[in-house]
Amino acid sequence: MPTIHFTPNLARHVDCPTLSVEAATVAEALEAAFAERPRLKGYVLDDRGALRRHMVVFVDGLAVRDRRTLADPVPPGAEIYVMQALSGG
């Protein structure tokens, strides 16, 4: 079962503990987390369901490629990290 982790930056705004979820894709993993913590969705996804520009998701250390539909596969036992992306110089 994949485990999804949220960084402390998100925890400042909404309760988001580490969760074990049933999921085959990043979208399914996030939806399982949002089912338990609905307020979290607005911080992570935009109004079209895509990953917000300032967010990044890693699956087993690799950044997701599909930021729009979040169809990247999630293997059993995967570690998923959701965090704010850094930009600027």
# chains A, B, ... in the order shown; residues from 1 in each chain; ligands from 1

call {"tool": "closest_atom_pairs", "arguments": {"of": "region 44-78 of chain A", "to": "region 13-22 of chain A", "cutoff": "10 Å", "atoms": "only C-alpha atoms", "output": "tab-separated table"}}
result
residue	atom	partner	partner_atom	distance
A:Val74	CA	A:Glu22	CA	9.8
A:Pro76	CA	A:Glu22	CA	8.6
A:Gly77	CA	A:Ser20	CA	9.1
A:Ala78	CA	A:Ser20	CA	9.8

call {"tool": "residues_around", "arguments": {"residues": "region 36-49 of chain A", "least_positions_apart": "3", "cutoff": "12 Å", "atoms": "only C-alpha atoms", "output": "short mmCIF file (atom, residue, chain, number, x, y, z; two decimals) with N, CA and C atoms, in the first residue's frame"}}
result
data_model
loop_
_atom_site.label_atom_id
_atom_site.label_comp_id
_atom_site.auth_asym_id
_atom_site.auth_seq_id
_atom_site.Cartn_x
_atom_site.Cartn_y
_atom_site.Cartn_z
N PHE A 6 2.98 14.63 3.45
CA PHE A 6 2.84 16.05 3.15
C PHE A 6 3.86 16.81 4.00
N THR A 7 4.50 17.80 3.42
CA THR A 7 5.53 18.54 4.15
C THR A 7 4.92 19.43 5.23
N ASN A 9 5.18 22.49 5.61
CA ASN A 9 4.67 23.75 5.05
C ASN A 9 3.16 23.67 4.84
N LEU A 10 2.67 22.53 4.36
CA LEU A 10 1.23 22.38 4.17
C LEU A 10 0.52 22.23 5.51
N ALA A 11 1.17 21.59 6.46
CA ALA A 11 0.55 21.37 7.78
C ALA A 11 0.30 22.68 8.52
N ARG A 12 1.00 23.73 8.14
CA ARG A 12 0.73 25.05 8.75
C ARG A 12 -0.66 25.53 8.38
N HIS A 13 -1.18 25.09 7.24
CA HIS A 13 -2.47 25.57 6.72
C HIS A 13 -3.62 24.60 6.95
N VAL A 14 -3.32 23.31 6.91
CA VAL A 14 -4.37 22.30 7.03
C VAL A 14 -3.76 21.02 7.61
N ASP A 15 -4.52 20.33 8.42
CA ASP A 15 -4.07 19.08 9.01
C ASP A 15 -3.86 18.05 7.89
N CYS A 16 -2.65 17.53 7.77
CA CYS A 16 -2.36 16.57 6.70
C CYS A 16 -1.32 15.54 7.17
N PRO A 17 -1.76 14.60 7.98
CA PRO A 17 -0.84 13.57 8.45
C PRO A 17 -0.45 12.61 7.32
N THR A 18 0.60 11.86 7.55
CA THR A 18 1.00 10.81 6.63
C THR A 18 -0.12 9.77 6.58
N LEU A 19 -0.44 9.30 5.36
CA LEU A 19 -1.53 8.34 5.19
C LEU A 19 -1.08 7.17 4.33
N SER A 20 -1.61 5.99 4.61
CA SER A 20 -1.47 4.85 3.72
C SER A 20 -2.74 4.79 2.90
N VAL A 21 -2.59 4.66 1.58
CA VAL A 21 -3.75 4.74 0.69
C VAL A 21 -3.72 3.59 -0.31
N ALA A 27 -3.07 10.41 -9.03
CA ALA A 27 -4.41 10.99 -8.87
C ALA A 27 -5.23 10.21 -7.85
N ALA A 29 -4.09 8.35 -5.40
CA ALA A 29 -3.50 8.55 -4.07
C ALA A 29 -3.95 9.88 -3.48
N LEU A 30 -3.89 10.93 -4.29
CA LEU A 30 -4.31 12.24 -3.80
C LEU A 30 -5.79 12.26 -3.48
N GLU A 31 -6.61 11.67 -4.32
CA GLU A 31 -8.05 11.65 -4.05
C GLU A 31 -8.36 10.92 -2.75
N ALA A 32 -7.62 9.85 -2.46
CA ALA A 32 -7.82 9.14 -1.20
C ALA A 32 -7.46 10.05 -0.02
N ALA A 33 -6.39 10.82 -0.15
CA ALA A 33 -6.01 11.76 0.90
C ALA A 33 -7.05 12.86 1.04
N ARG A 52 -1.07 22.35 -8.72
CA ARG A 52 -0.79 23.79 -8.72
C ARG A 52 0.66 24.04 -9.10
N ARG A 53 0.90 25.19 -9.69
CA ARG A 53 2.22 25.55 -10.18
C ARG A 53 3.28 25.52 -9.07
N HIS A 54 2.89 25.88 -7.87
CA HIS A 54 3.84 25.94 -6.76
C HIS A 54 3.95 24.64 -5.96
N MET A 55 3.38 23.56 -6.49
CA MET A 55 3.44 22.26 -5.80
C MET A 55 4.24 21.27 -6.65
N VAL A 56 4.82 20.29 -5.97
CA VAL A 56 5.53 19.21 -6.65
C VAL A 56 5.23 17.92 -5.91
N VAL A 57 5.13 16.83 -6.67
CA VAL A 57 4.88 15.51 -6.09
C VAL A 57 5.98 14.58 -6.56
N ASP A 66 3.28 13.88 -15.23
CA ASP A 66 1.95 14.32 -15.66
C ASP A 66 1.34 15.21 -14.59
N ARG A 67 1.58 16.50 -14.70
CA ARG A 67 1.07 17.45 -13.71
C ARG A 67 -0.41 17.79 -13.96
N ARG A 68 -0.92 17.46 -15.13
CA ARG A 68 -2.30 17.81 -15.47
C ARG A 68 -3.29 16.74 -14.99
N THR A 69 -3.08 15.48 -15.37
CA THR A 69 -4.03 14.43 -14.97
C THR A 69 -3.50 13.54 -13.85
N LEU A 70 -2.22 13.70 -13.51
CA LEU A 70 -1.60 12.95 -12.42
C LEU A 70 -1.74 11.44 -12.60
N ALA A 71 -1.53 11.00 -13.85
CA ALA A 71 -1.68 9.59 -14.19
C ALA A 71 -0.41 8.77 -13.96
N TYR A 81 5.61 11.95 -1.87
CA TYR A 81 5.84 13.18 -1.10
C TYR A 81 5.20 14.34 -1.85
N VAL A 82 4.39 15.12 -1.15
CA VAL A 82 3.74 16.30 -1.70
C VAL A 82 4.33 17.51 -0.99
N MET A 83 4.89 18.45 -1.78
CA MET A 83 5.54 19.60 -1.17
C MET A 83 5.44 20.83 -2.06
N GLN A 84 5.74 21.95 -1.47
CA GLN A 84 5.77 23.18 -2.23
C GLN A 84 7.06 23.23 -3.03
N ALA A 85 6.93 23.63 -4.29
CA ALA A 85 8.10 23.78 -5.17
C ALA A 85 8.76 25.11 -4.90
#

call {"tool": "select_by_dssp", "arguments": {"residues": "chain A", "states": "strand (DSSP E)", "output": "number ranges by chain"}}
result
A: 3-6, 19-20, 55-59, 62-63, 79-84

call {"tool": "decode", "arguments": {"residues": "region 25-73 of chain A", "atoms": "N, CA and C atoms", "output": "PDB file, in the first residue's frame"}}
result
ATOM      1  N   THR A  25      -2.375   5.188  -9.146  1.00  0.00           N
ATOM      2  CA  THR A  25      -1.847   6.393  -9.795  1.00  0.00           C
ATOM      3  C   THR A  25      -1.723   7.503  -8.751  1.00  0.00           C
ATOM      4  N   VAL A  26      -1.000   8.545  -9.120  1.00  0.00           N
ATOM      5  CA  VAL A  26      -0.877   9.692  -8.235  1.00  0.00           C
ATOM      6  C   VAL A  26      -2.254  10.314  -7.996  1.00  0.00           C
ATOM      7  N   ALA A  27      -3.067  10.414  -9.031  1.00  0.00           N
ATOM      8  CA  ALA A  27      -4.410  10.990  -8.875  1.00  0.00           C
ATOM      9  C   ALA A  27      -5.227  10.209  -7.853  1.00  0.00           C
ATOM     10  N   GLU A  28      -5.184   8.890  -7.917  1.00  0.00           N
ATOM     11  CA  GLU A  28      -5.932   8.065  -6.966  1.00  0.00           C
ATOM     12  C   GLU A  28      -5.407   8.250  -5.545  1.00  0.00           C
ATOM     13  N   ALA A  29      -4.091   8.352  -5.395  1.00  0.00           N
ATOM     14  CA  ALA A  29      -3.503   8.550  -4.071  1.00  0.00           C
ATOM     15  C   ALA A  29      -3.947   9.879  -3.477  1.00  0.00           C
ATOM     16  N   LEU A  30      -3.891  10.929  -4.294  1.00  0.00           N
ATOM     17  CA  LEU A  30      -4.308  12.244  -3.799  1.00  0.00           C
ATOM     18  C   LEU A  30      -5.791  12.263  -3.477  1.00  0.00           C
ATOM     19  N   GLU A  31      -6.606  11.666  -4.317  1.00  0.00           N
ATOM     20  CA  GLU A  31      -8.049  11.654  -4.049  1.00  0.00           C
ATOM     21  C   GLU A  31      -8.358  10.919  -2.747  1.00  0.00           C
ATOM     22  N   ALA A  32      -7.617   9.853  -2.457  1.00  0.00           N
ATOM     23  CA  ALA A  32      -7.816   9.143  -1.199  1.00  0.00           C
ATOM     24  C   ALA A  32      -7.459  10.049  -0.017  1.00  0.00           C
ATOM     25  N   ALA A  33      -6.394  10.816  -0.155  1.00  0.00           N
ATOM     26  CA  ALA A  33      -6.010  11.757   0.900  1.00  0.00           C
ATOM     27  C   ALA A  33      -7.045  12.862   1.042  1.00  0.00           C
ATOM     28  N   PHE A  34      -7.538  13.370  -0.082  1.00  0.00           N
ATOM     29  CA  PHE A  34      -8.533  14.446  -0.047  1.00  0.00           C
ATOM     30  C   PHE A  34      -9.857  13.974   0.540  1.00  0.00           C
ATOM     31  N   ALA A  35     -10.171  12.692   0.375  1.00  0.00           N
ATOM     32  CA  ALA A  35     -11.409  12.155   0.955  1.00  0.00           C
ATOM     33  C   ALA A  35     -11.357  12.254   2.482  1.00  0.00           C
ATOM     34  N   GLU A  36     -10.158  12.102   3.048  1.00  0.00           N
ATOM     35  CA  GLU A  36      -9.996  12.214   4.497  1.00  0.00           C
ATOM     36  C   GLU A  36      -9.775  13.650   4.952  1.00  0.00           C
ATOM     37  N   ARG A  37      -9.172  14.467   4.093  1.00  0.00           N
ATOM     38  CA  ARG A  37      -8.833  15.860   4.416  1.00  0.00           C
ATOM     39  C   ARG A  37      -9.262  16.763   3.251  1.00  0.00           C
ATOM     40  N   PRO A  38     -10.555  17.051   3.097  1.00  0.00           N
ATOM     41  CA  PRO A  38     -11.056  17.807   1.943  1.00  0.00           C
ATOM     42  C   PRO A  38     -10.409  19.180   1.747  1.00  0.00           C
ATOM     43  N   ARG A  39     -10.069  19.880   2.824  1.00  0.00           N
ATOM     44  CA  ARG A  39      -9.480  21.220   2.679  1.00  0.00           C
ATOM     45  C   ARG A  39      -8.114  21.170   1.997  1.00  0.00           C
ATOM     46  N   LEU A  40      -7.456  20.065   2.071  1.00  0.00           N
ATOM     47  CA  LEU A  40      -6.126  19.909   1.487  1.00  0.00           C
ATOM     48  C   LEU A  40      -6.148  20.049  -0.036  1.00  0.00           C
ATOM     49  N   LYS A  41      -7.233  19.647  -0.653  1.00  0.00           N
ATOM     50  CA  LYS A  41      -7.325  19.650  -2.112  1.00  0.00           C
ATOM     51  C   LYS A  41      -7.062  21.022  -2.710  1.00  0.00           C
ATOM     52  N   GLY A  42      -7.622  22.067  -2.140  1.00  0.00           N
ATOM     53  CA  GLY A  42      -7.448  23.417  -2.661  1.00  0.00           C
ATOM     54  C   GLY A  42      -6.018  23.926  -2.585  1.00  0.00           C
ATOM     55  N   TYR A  43      -5.240  23.376  -1.691  1.00  0.00           N
ATOM     56  CA  TYR A  43      -3.827  23.770  -1.581  1.00  0.00           C
ATOM     57  C   TYR A  43      -2.960  23.051  -2.606  1.00  0.00           C
ATOM     58  N   VAL A  44      -3.374  21.853  -3.009  1.00  0.00           N
ATOM     59  CA  VAL A  44      -2.547  21.016  -3.886  1.00  0.00           C
ATOM     60  C   VAL A  44      -2.962  21.120  -5.357  1.00  0.00           C
ATOM     61  N   LEU A  45      -4.262  21.130  -5.620  1.00  0.00           N
ATOM     62  CA  LEU A  45      -4.762  21.134  -7.003  1.00  0.00           C
ATOM     63  C   LEU A  45      -5.440  22.450  -7.348  1.00  0.00           C
ATOM     64  N   ASP A  46      -5.389  22.803  -8.634  1.00  0.00           N
ATOM     65  CA  ASP A  46      -6.096  24.002  -9.086  1.00  0.00           C
ATOM     66  C   ASP A  46      -7.550  23.652  -9.392  1.00  0.00           C
ATOM     67  N   ASP A  47      -8.316  24.613  -9.906  1.00  0.00           N
ATOM     68  CA  ASP A  47      -9.746  24.387 -10.154  1.00  0.00           C
ATOM     69  C   ASP A  47     -10.014  23.401 -11.287  1.00  0.00           C
ATOM     70  N   ARG A  48      -9.001  23.037 -12.054  1.00  0.00           N
ATOM     71  CA  ARG A  48      -9.157  22.041 -13.133  1.00  0.00           C
ATOM     72  C   ARG A  48      -8.672  20.659 -12.710  1.00  0.00           C
ATOM     73  N   GLY A  49      -8.196  20.547 -11.477  1.00  0.00           N
ATOM     74  CA  GLY A  49      -7.725  19.261 -10.977  1.00  0.00           C
ATOM     75  C   GLY A  49      -6.262  18.976 -11.278  1.00  0.00           C
ATOM     76  N   ALA A  50      -5.548  19.963 -11.815  1.00  0.00           N
ATOM     77  CA  ALA A  50      -4.121  19.808 -12.101  1.00  0.00           C
ATOM     78  C   ALA A  50      -3.313  20.241 -10.888  1.00  0.00           C
ATOM     79  N   LEU A  51      -2.103  19.770 -10.816  1.00  0.00           N
ATOM     80  CA  LEU A  51      -1.216  20.156  -9.731  1.00  0.00           C
ATOM     81  C   LEU A  51      -0.933  21.651  -9.825  1.00  0.00           C
ATOM     82  N   ARG A  52      -1.075  22.351  -8.723  1.00  0.00           N
ATOM     83  CA  ARG A  52      -0.795  23.792  -8.719  1.00  0.00           C
ATOM     84  C   ARG A  52       0.657  24.039  -9.096  1.00  0.00           C
ATOM     85  N   ARG A  53       0.899  25.189  -9.688  1.00  0.00           N
ATOM     86  CA  ARG A  53       2.224  25.548 -10.175  1.00  0.00           C
ATOM     87  C   ARG A  53       3.278  25.519  -9.071  1.00  0.00           C
ATOM     88  N   HIS A  54       2.888  25.880  -7.869  1.00  0.00           N
ATOM     89  CA  HIS A  54       3.842  25.945  -6.760  1.00  0.00           C
ATOM     90  C   HIS A  54       3.953  24.641  -5.965  1.00  0.00           C
ATOM     91  N   MET A  55       3.379  23.559  -6.486  1.00  0.00           N
ATOM     92  CA  MET A  55       3.436  22.262  -5.805  1.00  0.00           C
ATOM     93  C   MET A  55       4.240  21.269  -6.652  1.00  0.00           C
ATOM     94  N   VAL A  56       4.825  20.288  -5.972  1.00  0.00           N
ATOM     95  CA  VAL A  56       5.529  19.214  -6.654  1.00  0.00           C
ATOM     96  C   VAL A  56       5.233  17.918  -5.906  1.00  0.00           C
ATOM     97  N   VAL A  57       5.128  16.832  -6.671  1.00  0.00           N
ATOM     98  CA  VAL A  57       4.875  15.513  -6.092  1.00  0.00           C
ATOM     99  C   VAL A  57       5.982  14.581  -6.563  1.00  0.00           C
ATOM    100  N   PHE A  58       6.534  13.839  -5.622  1.00  0.00           N
ATOM    101  CA  PHE A  58       7.561  12.845  -5.926  1.00  0.00           C
ATOM    102  C   PHE A  58       7.031  11.465  -5.585  1.00  0.00           C
ATOM    103  N   VAL A  59       7.298  10.500  -6.463  1.00  0.00           N
ATOM    104  CA  VAL A  59       6.980   9.099  -6.200  1.00  0.00           C
ATOM    105  C   VAL A  59       8.298   8.350  -6.170  1.00  0.00           C
ATOM    106  N   ASP A  60       8.618   7.805  -5.020  1.00  0.00           N
ATOM    107  CA  ASP A  60       9.895   7.102  -4.832  1.00  0.00           C
ATOM    108  C   ASP A  60      11.077   7.933  -5.327  1.00  0.00           C
ATOM    109  N   GLY A  61      11.052   9.223  -5.026  1.00  0.00           N
ATOM    110  CA  GLY A  61      12.174  10.110  -5.340  1.00  0.00           C
ATOM    111  C   GLY A  61      12.168  10.722  -6.726  1.00  0.00           C
ATOM    112  N   LEU A  62      11.194  10.386  -7.556  1.00  0.00           N
ATOM    113  CA  LEU A  62      11.112  10.946  -8.912  1.00  0.00           C
ATOM    114  C   LEU A  62       9.908  11.873  -9.026  1.00  0.00           C
ATOM    115  N   ALA A  63      10.140  13.073  -9.560  1.00  0.00           N
ATOM    116  CA  ALA A  63       9.043  14.031  -9.742  1.00  0.00           C
ATOM    117  C   ALA A  63       8.049  13.487 -10.758  1.00  0.00           C
ATOM    118  N   VAL A  64       6.758  13.698 -10.487  1.00  0.00           N
ATOM    119  CA  VAL A  64       5.738  13.241 -11.434  1.00  0.00           C
ATOM    120  C   VAL A  64       5.880  14.007 -12.743  1.00  0.00           C
ATOM    121  N   ARG A  65       5.603  13.326 -13.823  1.00  0.00           N
ATOM    122  CA  ARG A  65       5.693  13.942 -15.151  1.00  0.00           C
ATOM    123  C   ARG A  65       4.369  14.549 -15.584  1.00  0.00           C
ATOM    124  N   ASP A  66       3.283  13.878 -15.232  1.00  0.00           N
ATOM    125  CA  ASP A  66       1.951  14.321 -15.660  1.00  0.00           C
ATOM    126  C   ASP A  66       1.340  15.212 -14.586  1.00  0.00           C
ATOM    127  N   ARG A  67       1.578  16.501 -14.699  1.00  0.00           N
ATOM    128  CA  ARG A  67       1.067  17.454 -13.707  1.00  0.00           C
ATOM    129  C   ARG A  67      -0.410  17.791 -13.956  1.00  0.00           C
ATOM    130  N   ARG A  68      -0.923  17.460 -15.128  1.00  0.00           N
ATOM    131  CA  ARG A  68      -2.302  17.806 -15.467  1.00  0.00           C
ATOM    132  C   ARG A  68      -3.293  16.742 -14.987  1.00  0.00           C
ATOM    133  N   THR A  69      -3.082  15.478 -15.366  1.00  0.00           N
ATOM    134  CA  THR A  69      -4.033  14.428 -14.968  1.00  0.00           C
ATOM    135  C   THR A  69      -3.502  13.541 -13.851  1.00  0.00           C
ATOM    136  N   LEU A  70      -2.216  13.701 -13.510  1.00  0.00           N
ATOM    137  CA  LEU A  70      -1.603  12.953 -12.417  1.00  0.00           C
ATOM    138  C   LEU A  70      -1.736  11.441 -12.604  1.00  0.00           C
ATOM    139  N   ALA A  71      -1.531  11.003 -13.846  1.00  0.00           N
ATOM    140  CA  ALA A  71      -1.685   9.587 -14.191  1.00  0.00           C
ATOM    141  C   ALA A  71      -0.412   8.771 -13.960  1.00  0.00           C
ATOM    142  N   ASP A  72       0.631   9.369 -13.416  1.00  0.00           N
ATOM    143  CA  ASP A  72       1.858   8.611 -13.148  1.00  0.00           C
ATOM    144  C   ASP A  72       1.520   7.413 -12.265  1.00  0.00           C
ATOM    145  N   PRO A  73       2.111   6.251 -12.569  1.00  0.00           N
ATOM    146  CA  PRO A  73       1.817   5.057 -11.772  1.00  0.00           C
ATOM    147  C   PRO A  73       2.433   5.128 -10.375  1.00  0.00           C
TER     148      PRO A  73
END
